[in-house]
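Undergrad: File entry15.cif follows (mmCIF, C-alpha atoms):
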data_upload
#
loop_
_atom_site.label_atom_id
_atom_site.label_comp_id
_atom_site.auth_asym_id
_atom_site.auth_seq_id
_atom_site.Cartn_x
_atom_site.Cartn_y
_atom_site.Cartn_z
CA MET A 1326 19.32 19.19 -20.34
CA THR A 1327 17.16 21.82 -18.68
CA VAL A 1328 14.90 20.25 -16.06
CA GLU A 1329 11.65 21.85 -14.85
CA PRO A 1330 10.43 20.32 -11.55
CA LYS A 1331 6.91 21.65 -12.18
CA TYR A 1332 6.39 18.93 -14.79
CA MET A 1333 7.42 16.23 -12.33
CA GLU A 1334 4.96 17.76 -9.86
CA ARG A 1335 2.26 17.34 -12.50
CA ALA A 1336 3.33 13.73 -13.11
CA ILE A 1337 3.04 13.02 -9.37
CA GLU A 1338 -0.38 14.69 -9.26
CA ILE A 1339 -1.89 12.57 -12.01
CA ALA A 1340 -0.19 9.39 -10.76
CA ARG A 1341 -2.32 9.55 -7.58
CA ASN A 1342 -5.40 8.83 -9.70
CA GLY A 1343 -4.29 5.19 -9.71
CA LEU A 1344 -4.60 4.82 -5.92
CA GLY A 1345 -6.55 1.68 -5.08
CA PHE A 1346 -6.55 0.36 -8.65
CA VAL A 1347 -2.97 -0.50 -9.64
CA SER A 1348 -1.58 -2.51 -6.72
CA PRO A 1349 0.64 -4.52 -6.55
CA ASN A 1350 2.08 -2.27 -9.25
CA PRO A 1351 3.18 1.26 -8.31
CA MET A 1352 1.33 4.47 -9.08
CA VAL A 1353 3.12 6.18 -11.96
CA GLY A 1354 2.53 9.40 -13.87
CA ALA A 1355 4.16 10.62 -17.08
CA VAL A 1356 4.16 14.01 -18.80
CA ILE A 1357 5.54 14.81 -22.27
CA VAL A 1358 6.75 18.38 -22.81
CA TYR A 1359 7.71 20.19 -26.01
CA ARG A 1360 9.12 23.71 -25.65
CA ASP A 1361 7.44 24.35 -22.30
CA ARG A 1362 4.11 22.96 -23.50
CA ILE A 1363 2.57 19.70 -22.31
CA ILE A 1364 1.60 17.72 -25.37
CA GLY A 1365 0.77 14.45 -23.62
CA GLU A 1366 0.24 12.97 -20.18
CA GLY A 1367 -0.97 9.73 -18.68
CA TYR A 1368 -0.95 7.57 -15.59
CA HIS A 1369 -1.15 3.88 -14.75
CA ARG A 1370 -4.91 3.40 -14.45
CA LYS A 1371 -5.39 -0.26 -13.59
CA TYR A 1372 -3.29 -3.30 -12.72
CA GLY A 1373 -2.63 -5.25 -15.89
CA GLY A 1374 -3.39 -2.26 -18.08
CA PRO A 1375 -1.07 0.06 -20.03
CA HIS A 1376 1.58 1.87 -18.01
CA ALA A 1377 1.83 5.63 -17.60
CA GLU A 1378 4.38 6.08 -20.40
CA VAL A 1379 2.15 4.20 -22.86
CA ASN A 1380 -0.91 6.27 -21.94
CA ALA A 1381 1.06 9.52 -22.15
CA ILE A 1382 2.37 8.74 -25.65
CA ALA A 1383 -1.09 7.61 -26.77
CA SER A 1384 -2.60 10.89 -25.54
CA VAL A 1385 -0.51 13.01 -27.93
CA SER A 1386 -2.69 14.42 -30.69
CA GLU A 1387 -2.00 13.64 -34.33
CA GLU A 1388 -0.83 17.19 -35.01
CA ASP A 1389 1.58 17.09 -32.06
CA LYS A 1390 3.13 13.70 -32.79
CA VAL A 1391 5.69 15.41 -35.03
CA TYR A 1392 7.10 17.04 -31.89
CA LEU A 1393 7.80 13.79 -30.03
CA THR A 1394 11.33 13.58 -31.41
CA GLY A 1395 12.10 16.95 -29.82
CA SER A 1396 10.29 16.40 -26.51
CA THR A 1397 11.15 15.54 -22.92
CA MET A 1398 9.26 12.92 -20.92
CA TYR A 1399 8.93 13.35 -17.16
CA VAL A 1400 8.06 10.10 -15.39
CA THR A 1401 7.80 9.52 -11.64
CA LEU A 1402 9.38 6.03 -11.69
CA GLU A 1403 12.05 4.41 -13.83
CA PRO A 1404 10.47 2.95 -17.01
CA CYS A 1405 10.23 -0.83 -16.94
CA SER A 1406 12.65 -2.85 -19.07
CA HIS A 1407 11.11 -6.33 -18.85
CA TYR A 1408 8.08 -8.17 -20.16
CA GLY A 1409 5.40 -8.54 -17.50
CA LYS A 1410 1.70 -8.12 -18.13
CA THR A 1411 2.69 -5.44 -20.66
CA PRO A 1412 5.74 -4.91 -22.92
CA PRO A 1413 8.72 -2.85 -21.68
CA CYS A 1414 8.02 0.88 -21.56
CA ALA A 1415 11.70 1.64 -22.17
CA ASP A 1416 11.45 -0.04 -25.58
CA LEU A 1417 8.41 2.07 -26.50
CA ILE A 1418 10.18 5.29 -25.55
CA VAL A 1419 13.15 4.32 -27.73
CA ARG A 1420 10.90 3.46 -30.70
CA THR A 1421 8.95 6.69 -30.33
CA GLY A 1422 12.13 8.74 -30.63
CA ILE A 1423 11.76 10.84 -27.48
CA PRO A 1424 15.32 12.12 -26.92
CA ARG A 1425 15.18 13.16 -23.26
CA VAL A 1426 13.70 11.46 -20.17
CA VAL A 1427 13.56 12.84 -16.62
CA VAL A 1428 13.03 10.16 -13.95
CA GLY A 1429 11.81 10.82 -10.43
CA CYS A 1430 13.27 7.74 -8.75
CA LEU A 1431 14.68 4.37 -9.65
CA ASP A 1432 12.62 1.20 -9.36
CA PRO A 1433 13.69 -1.14 -6.50
CA PHE A 1434 12.02 -4.14 -8.18
CA VAL A 1435 14.79 -6.58 -9.05
CA LYS A 1436 13.61 -7.06 -12.67
CA VAL A 1437 13.96 -3.31 -13.31
CA SER A 1438 16.32 -1.70 -10.76
CA GLY A 1439 18.47 0.46 -13.03
CA ARG A 1440 17.98 -1.61 -16.16
CA GLY A 1441 15.33 0.71 -17.57
CA VAL A 1442 17.58 3.77 -17.32
CA ALA A 1443 20.51 1.79 -18.74
CA LYS A 1444 18.43 0.69 -21.74
CA LEU A 1445 17.43 4.29 -22.47
CA ARG A 1446 20.99 5.56 -22.21
CA ASP A 1447 22.31 2.72 -24.37
CA ALA A 1448 19.87 3.89 -27.04
CA GLY A 1449 21.35 7.40 -26.91
CA ILE A 1450 18.58 8.99 -24.86
CA ASP A 1451 19.62 11.74 -22.43
CA VAL A 1452 18.39 10.64 -18.96
CA VAL A 1453 18.31 12.63 -15.72
CA THR A 1454 17.35 10.83 -12.49
CA GLY A 1455 16.48 11.89 -8.95
CA VAL A 1456 14.20 14.85 -9.74
CA LEU A 1457 11.81 15.31 -6.78
CA GLU A 1458 13.06 11.90 -5.68
CA ALA A 1459 11.74 12.10 -2.09
CA GLU A 1460 8.27 13.03 -3.34
CA CYS A 1461 8.29 10.22 -5.91
CA ARG A 1462 9.37 7.68 -3.30
CA GLN A 1463 6.67 8.93 -0.94
CA LEU A 1464 4.10 8.48 -3.69
CA ASN A 1465 4.91 4.78 -3.72
CA LYS A 1466 6.01 4.18 -0.13
CA VAL A 1467 4.18 0.83 -0.15
CA PHE A 1468 5.85 -0.40 -3.34
CA MET A 1469 9.26 0.92 -2.27
CA THR A 1470 9.12 -0.69 1.16
CA ALA A 1471 7.83 -4.04 -0.10
CA HIS A 1472 10.53 -4.49 -2.73
CA THR A 1473 13.30 -3.11 -0.52
CA LEU A 1474 12.53 -5.24 2.56
CA GLY A 1475 11.06 -8.29 0.78
CA ARG A 1476 7.81 -8.15 2.74
CA PRO A 1477 4.53 -6.25 2.50
CA PHE A 1478 4.16 -2.73 3.84
CA VAL A 1479 2.39 -3.24 7.20
CA THR A 1480 -0.15 -0.88 8.75
CA LEU A 1481 -1.44 -1.60 12.25
CA LYS A 1482 -4.94 -0.41 13.08
CA TRP A 1483 -6.95 -0.49 16.30
CA ALA A 1484 -9.42 1.52 18.37
CA GLN A 1485 -9.35 1.90 22.13
CA SER A 1486 -10.79 3.73 25.10
CA HIS A 1487 -9.13 6.79 26.58
CA ASP A 1488 -7.75 4.66 29.40
CA GLY A 1489 -6.23 2.10 27.05
CA PHE A 1490 -8.66 -0.80 26.63
CA MET A 1491 -9.79 -2.46 23.39
CA GLY A 1492 -12.81 -4.20 24.90
CA GLY A 1493 -14.93 -4.52 28.00
CA ILE A 1494 -16.06 -7.14 30.46
CA LYS A 1495 -19.57 -7.90 31.69
CA ASP A 1496 -20.53 -10.60 34.17
CA GLY A 1497 -17.01 -11.98 33.87
CA VAL A 1498 -17.24 -12.31 30.08
CA LYS A 1499 -15.32 -10.19 27.57
CA VAL A 1500 -17.63 -8.12 25.37
CA PRO A 1501 -16.92 -5.82 22.41
CA VAL A 1502 -17.17 -2.06 22.87
CA LYS A 1503 -18.03 0.31 20.02
CA PHE A 1504 -15.35 2.98 19.80
CA SER A 1505 -15.70 4.15 16.18
CA SER A 1506 -18.31 6.48 14.72
CA ALA A 1507 -20.07 5.89 11.40
CA GLU A 1508 -17.65 8.35 9.77
CA SER A 1509 -14.51 6.77 11.16
CA SER A 1510 -15.83 3.30 10.27
CA ALA A 1511 -16.16 4.42 6.65
CA LEU A 1512 -12.56 5.63 6.78
CA VAL A 1513 -11.46 2.20 7.99
CA HIS A 1514 -13.14 0.65 4.94
CA ALA A 1515 -11.31 3.18 2.75
CA LEU A 1516 -8.09 2.10 4.46
CA ARG A 1517 -8.86 -1.53 3.64
CA ALA A 1518 -9.42 -0.62 -0.01
CA ARG A 1519 -5.90 0.83 -0.14
CA HIS A 1520 -4.29 -2.40 1.09
CA ASP A 1521 -3.83 -5.68 -0.76
CA ALA A 1522 -4.72 -7.70 2.34
CA VAL A 1523 -6.25 -7.38 5.79
CA LEU A 1524 -4.90 -9.65 8.55
CA VAL A 1525 -6.53 -10.86 11.77
CA GLY A 1526 -5.92 -13.52 14.38
CA ALA A 1527 -8.03 -16.35 15.70
CA GLY A 1528 -9.42 -14.27 18.57
CA THR A 1529 -10.96 -11.69 16.24
CA VAL A 1530 -12.48 -14.38 14.03
CA LEU A 1531 -13.99 -16.21 17.01
CA SER A 1532 -15.41 -13.13 18.72
CA ASP A 1533 -16.60 -11.11 15.71
CA SER A 1534 -17.04 -13.43 12.67
CA PRO A 1535 -15.96 -10.38 10.62
CA ALA A 1536 -16.61 -9.75 6.94
CA LEU A 1537 -13.47 -7.56 6.54
CA ASP A 1538 -14.74 -6.05 3.29
CA VAL A 1539 -15.18 -2.49 1.99
CA ARG A 1540 -18.97 -2.30 2.00
CA PHE A 1541 -18.89 1.29 3.38
CA PHE A 1542 -16.52 2.49 0.66
CA SER A 1543 -16.06 2.12 -3.07
CA GLY A 1544 -13.06 -0.05 -3.85
CA ASN A 1545 -11.70 -3.57 -4.10
CA ASN A 1546 -12.12 -5.99 -1.21
CA PRO A 1547 -8.73 -6.99 0.21
CA VAL A 1548 -7.45 -10.53 0.51
CA VAL A 1549 -8.25 -11.75 4.03
CA VAL A 1550 -5.37 -13.34 5.95
CA VAL A 1551 -6.11 -15.31 9.13
CA ILE A 1552 -3.37 -16.45 11.49
CA ASP A 1553 -4.81 -19.31 13.52
CA ARG A 1554 -1.99 -21.62 14.48
CA SER A 1555 -4.28 -24.16 16.17
CA GLY A 1556 -7.03 -24.14 13.52
CA LYS A 1557 -9.79 -23.53 16.06
CA ALA A 1558 -11.37 -20.47 14.44
CA SER A 1559 -12.10 -21.47 10.86
CA GLU A 1560 -15.86 -21.66 11.40
CA GLY A 1561 -15.78 -17.95 12.20
CA CYS A 1562 -14.71 -17.21 8.63
CA MET A 1563 -18.14 -17.85 7.14
CA ASN A 1564 -18.84 -14.13 6.62
CA ILE A 1565 -15.65 -13.62 4.64
CA THR A 1566 -16.07 -13.49 0.87
CA GLY A 1567 -13.33 -13.40 -1.70
CA ARG A 1568 -9.83 -14.76 -1.33
CA LEU A 1569 -8.96 -16.19 2.09
CA LEU A 1570 -5.44 -17.18 3.15
CA TYR A 1571 -5.43 -19.32 6.30
CA TYR A 1572 -2.17 -19.82 8.21
CA SER A 1573 -2.60 -22.73 10.60
CA ALA A 1574 -1.11 -26.04 11.67
CA VAL A 1575 -4.55 -27.59 11.10
CA LYS A 1576 -6.44 -27.55 7.81
CA PRO A 1577 -9.48 -25.25 8.09
CA SER A 1578 -13.04 -26.48 7.67
CA VAL A 1579 -13.79 -23.60 5.30
CA GLY A 1580 -13.17 -25.42 2.03
CA ARG A 1581 -12.48 -22.36 -0.10
CA ALA A 1582 -9.64 -21.16 2.15
CA GLU A 1583 -6.09 -21.38 0.82
CA TRP A 1584 -4.37 -23.27 3.62
CA ILE A 1585 -0.76 -22.39 4.38
CA GLN A 1586 0.54 -24.80 6.99
CA CYS A 1587 2.42 -23.18 9.84
CA SER A 1588 3.27 -23.94 13.46
CA TYR A 1589 3.72 -22.04 16.70
CA ASP A 1590 7.36 -21.60 15.69
CA THR A 1591 6.48 -19.86 12.42
CA SER A 1592 7.44 -16.22 12.88
CA ILE A 1593 5.62 -13.09 11.78
CA ARG A 1594 8.56 -12.39 9.47
CA ASP A 1595 8.16 -15.79 7.81
CA ILE A 1596 4.44 -15.18 7.25
CA LEU A 1597 5.09 -11.74 5.77
CA SER A 1598 7.78 -13.18 3.50
CA ASP A 1599 5.29 -15.77 2.26
CA LEU A 1600 2.68 -13.07 1.59
CA TYR A 1601 5.27 -11.11 -0.41
CA SER A 1602 5.93 -14.23 -2.49
CA LYS A 1603 2.18 -14.25 -3.24
CA ASN A 1604 2.42 -10.73 -4.74
CA ILE A 1605 0.84 -9.04 -1.70
CA THR A 1606 2.64 -5.74 -1.13
CA SER A 1607 0.54 -4.18 1.65
CA VAL A 1608 -1.20 -5.58 4.73
CA LEU A 1609 -3.59 -3.92 7.18
CA VAL A 1610 -3.44 -5.68 10.56
CA GLU A 1611 -6.82 -5.44 12.29
CA GLY A 1612 -6.39 -8.15 14.88
CA GLY A 1613 -6.79 -8.03 18.64
CA GLY A 1614 -4.21 -7.07 21.20
CA GLU A 1615 -2.23 -10.30 20.93
CA ILE A 1616 -1.73 -10.29 17.17
CA LEU A 1617 -1.01 -6.54 17.12
CA SER A 1618 1.56 -6.89 19.89
CA SER A 1619 3.25 -9.72 18.01
CA PHE A 1620 3.85 -7.39 15.05
CA ILE A 1621 5.06 -4.60 17.33
CA ASN A 1622 7.41 -6.88 19.27
CA ALA A 1623 8.84 -8.27 16.03
CA GLY A 1624 9.31 -4.74 14.65
CA CYS A 1625 7.39 -5.83 11.56
CA TYR A 1626 5.28 -2.77 10.86
CA ASP A 1627 5.66 0.53 9.06
CA GLU A 1628 2.72 2.64 10.19
CA ALA A 1629 0.03 2.52 12.85
CA ARG A 1630 -3.40 4.13 13.06
CA VAL A 1631 -4.81 4.36 16.58
CA GLU A 1632 -8.31 5.69 17.19
CA ILE A 1633 -9.04 6.85 20.74
CA ALA A 1634 -12.59 7.30 21.98
CA PRO A 1635 -13.40 9.52 24.98
CA LEU A 1636 -14.49 6.53 27.06
CA THR A 1637 -13.11 5.49 30.43
CA LEU A 1638 -13.84 1.81 31.04
CA GLY A 1639 -11.98 1.45 34.32
CA GLU A 1640 -12.88 -1.83 36.03
CA LYS A 1641 -15.13 -2.68 33.08
CA GLY A 1642 -12.16 -2.65 30.74
CA ALA A 1643 -10.66 -5.81 29.27
CA THR A 1644 -7.92 -6.50 26.72
CA GLU A 1645 -5.35 -3.78 27.13
CA ALA A 1646 -4.40 -1.94 23.94
CA PRO A 1647 -0.86 -2.45 22.61
CA VAL A 1648 1.86 -0.01 23.55
CA ILE A 1649 3.66 1.49 20.59
CA ASN A 1650 6.96 3.35 20.73
CA SER A 1651 7.25 5.03 17.36
CA ILE A 1652 7.22 8.49 15.84
CA LEU A 1653 3.90 10.32 16.11
CA CYS A 1654 3.35 11.86 12.68
CA LYS A 1655 -0.15 13.23 12.68
CA VAL A 1656 -3.21 13.70 14.89
CA GLU A 1657 -6.67 14.38 13.52
CA ASN A 1658 -10.07 14.91 15.13
CA MET A 1659 -12.96 12.71 14.08
CA GLY A 1660 -16.01 13.93 15.96
CA GLU A 1661 -15.32 13.27 19.62
CA ASN A 1662 -12.60 10.76 18.76
CA ILE A 1663 -9.00 11.45 17.87
CA ILE A 1664 -6.91 9.41 15.44
CA MET A 1665 -3.15 9.20 15.95
CA TYR A 1666 -0.78 8.11 13.19
CA PHE A 1667 2.64 6.64 13.91
CA ARG A 1668 5.62 5.71 11.73
CA ASN A 1669 8.21 3.03 12.48
CA ASN A 1670 11.46 4.58 11.26
CA ARG A 1671 13.43 1.41 11.92
CA ASN A 1672 11.99 -0.09 8.75
CA ASN A 1673 11.38 2.70 6.27
CA GLY A 1674 12.98 5.87 7.55
CA ASP A 1675 13.53 7.21 4.04
CA VAL A 1676 9.87 6.78 3.07
CA LEU A 1677 7.88 9.44 4.88
CA MET A 1678 4.23 9.46 5.91
CA GLU A 1679 2.01 12.10 4.37
#
Translate the structure described by the file into structure tokens.
TA:
Amino acid sequence: MTVEPKYMERAIEIARNGLGFVSPNPMVGAVIVYRDRIIGEGYHRKYGGPHAEVNAIASVSEEDKVYLTGSTMYVTLEPCSHYGKTPPCADLIVRTGIPRVVVGCLDPFVKVSGRGVAKLRDAGIDVVTGVLEAECRQLNKVFMTAHTLGRPFVTLKWAQSHDGFMGGIKDGVKVPVKFSSAESSALVHALRARHDAVLVGAGTVLSDSPALDVRFFSGNNPVVVVIDRSGKASEGCMNITGRLLYYSAVKPSVGRAEWIQCSYDTSIRDILSDLYSKNITSVLVEGGGEILSSFINAGCYDEARVEIAPLTLGEKGATEAPVINSILCKVENMGENIIMYFRNNRNNGDVLME
């Protein structure tokens, strides 16, 4: 079979249109080619909706449907072979009569994981895998990491002064300091919209009573996860709307919270494993220094976003920012601030940051 990478590039391009709408499913794009002409293409638009392969086949015009039995489908991720919210895409491809399928990368999800390709080949379809594999894995680094490690993809996020403080002190009392601009605050809300959940600790809830929503950006509000082992901070959750998961040894006073009982001995890894079991594949950690350091010390993170403001707090500084020893991937200017992006290669070295 002759393979043209340009069609996989197109499938990757259109797959990105699903960002923020398909999680916990992966972003997937599919392109159908007949004699070097695209006759159909589609992407996974919304969680619970038709998959990319279904939308691509449906997009083929009536006059071009006769060419399906002589076409090649390029798809960024292995077609599913099981019944979930939708029927198996592999079965549809077989019924449609498409004789050749080019797959970007295999699906690590245990219910698929090679079974989709095997089903196609068993039906006599010519299948090529691993075309632009690194790019296809990068497209779904969250999905790949979650189903490979059995825990959500974790992004750490904090802002600090130039001299390394996350807050200040006045008259002996810790006080918040504004580090972010209006523009960078909007970007934080965009970051929340791209994660299934946002996680904070008791200290953040007590000091800020945060909403943790995406009011400065268009997108879905994330699930809010609070780690409060003593149960002392639940009253600070009153501004949180939507789904709230509360990890504590004490039942919270916020009646709508989903209480997950834990103790001081419950590890970060155990909490992440529980979140994965709840179909949460990505978590943005926005807590204070203590909760952030606990993730760093446990090695339970994949990326970090650190915003540094040109402020020197000196003796007025309080709460030292965490120290991170990971690969610096990117630095960008945001007004007078700079934002540094890090990657933890110990967890997902084969899934690169853009």
Undergrad: Tell me, as a VMD selection string, which residues lie within 12 Å of Val1391 in chain A, counting all atoms listed in the file; anything in the same chain fewer than 2 positions away does not count.
TA: chain A and resid 1359 1364 1382 1385 to 1389 1393 to 1396 1421 to 1423
Undergrad: For range 1544-1590 of chain A versus range 1513-1533 of chain A, which residues have an atom no more than 10 Å away, and what is each residue's nearest atom pair and distance in Å rounded to one decimal, using all atoms listed in the file, chain-then-number order, as a Markdown table?
TA:
| residue | atom | partner | partner_atom | distance |
| --- | --- | --- | --- | --- |
| A:Gly1544 | CA | A:Ala1518 | CA | 5.3 |
| A:Asn1545 | CA | A:Ala1518 | CA | 5.5 |
| A:Asn1546 | CA | A:Ala1518 | CA | 6.1 |
| A:Pro1547 | CA | A:Ala1522 | CA | 4.6 |
| A:Val1548 | CA | A:Ala1522 | CA | 4.3 |
| A:Val1549 | CA | A:Val1523 | CA | 5.1 |
| A:Val1550 | CA | A:Leu1524 | CA | 4.5 |
| A:Val1551 | CA | A:Val1525 | CA | 5.2 |
| A:Ile1552 | CA | A:Gly1526 | CA | 4.8 |
| A:Asp1553 | CA | A:Ala1527 | CA | 4.9 |
| A:Arg1554 | CA | A:Ala1527 | CA | 8.1 |
| A:Ser1555 | CA | A:Ala1527 | CA | 8.7 |
| A:Gly1556 | CA | A:Ala1527 | CA | 8.2 |
| A:Lys1557 | CA | A:Ala1527 | CA | 7.4 |
| A:Ala1558 | CA | A:Ala1527 | CA | 5.5 |
| A:Ser1559 | CA | A:Val1530 | CA | 7.8 |
| A:Glu1560 | CA | A:Leu1531 | CA | 8.0 |
| A:Gly1561 | CA | A:Val1530 | CA | 5.2 |
| A:Cys1562 | CA | A:Val1530 | CA | 6.5 |
| A:Met1563 | CA | A:Val1530 | CA | 9.6 |
| A:Asn1564 | CA | A:Val1530 | CA | 9.8 |
| A:Ile1565 | CA | A:Val1530 | CA | 9.9 |
| A:Arg1568 | CA | A:Ala1522 | CA | 9.5 |
| A:Leu1569 | CA | A:Ala1522 | CA | 9.5 |
| A:Leu1570 | CA | A:Leu1524 | CA | 9.3 |
| A:Tyr1571 | CA | A:Leu1524 | CA | 9.9 |
| A:Tyr1572 | CA | A:Gly1526 | CA | 9.6 |
| A:Ser1573 | CA | A:Ala1527 | CA | 9.8 |
Undergrad: Starting from the PyMOL selection byres ((chain A and resi 1654) around 6), expand the selection into actual residues of this file and give them as a ChimeraX atom specification.
TA: /A:1653,1655,1666-1667
Undergrad: If you measure from CA of Ala1646 in chain A to CA of Glu1615 in chain A, what distance in Å do you get, rounded to one decimal?
TA: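 We find that CA of Ala1646 in chain A and CA of Glu1615 in chain A lie 9.1 Å from each other.
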Undergrad: Counting only C-alpha atoms, figure out which residue out of A:Arg1446, A:Asn1604, A:Leu1464, A:Ser1406 gets nearest to Gly1429 in chain A.
TA: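 The shortest atom-to-atom distance to Gly1429 in chain A comes from A:Leu1464.
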Undergrad: Could you tell me how far CA of Cys1625 in chain A sits from CA of Lys1436 in chain A, in Å to one decimal place?
TA: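 Spanning CA of Lys1436 in chain A to CA of Cys1625 in chain A is a straight-line distance of 25.0 Å.
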Undergrad: With the PyMOL selection byres ((chain A and resi 1639) around 10) as the selection, what would be picked from this file? Answer as a list in words, please.
TA: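 Taken on the displayed file, the PyMOL selection byres ((chain A and resi 1639) around 10) yields the residues Ser1486, His1487, Asp1488, Gly1489, Phe1490, Gly1493, Leu1636, Thr1637, Leu1638, Glu1640, Lys1641, Gly1642 and Ala1643 of chain A.
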Undergrad: Run the PyMOL selection byres ((chain A and resi 1411-1415) around 9) against the file shown and list the residues it catches, as JSON, numbers by chain.
TA: {"A": [1373, 1374, 1375, 1376, 1377, 1378, 1379, 1403, 1404, 1405, 1406, 1407, 1408, 1409, 1410, 1416, 1417, 1418, 1419, 1420, 1441, 1442, 1444, 1445]}
Undergrad: Which of these, A:Ile1585, A:Val1328, A:Ala1471, A:Ala1448, has the shortest distance to Pro1351 in chain A once you count only C-alpha atoms?
TA: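 Smallest distance to Pro1351 in chain A is found for A:Ala1471.
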Undergrad: Between CA of Arg1341 in chain A and CA of Cys1430 in chain A, what is the spacing in Å?
TA: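 We find that CA of Cys1430 in chain A and CA of Arg1341 in chain A lie 15.7 Å from each other.
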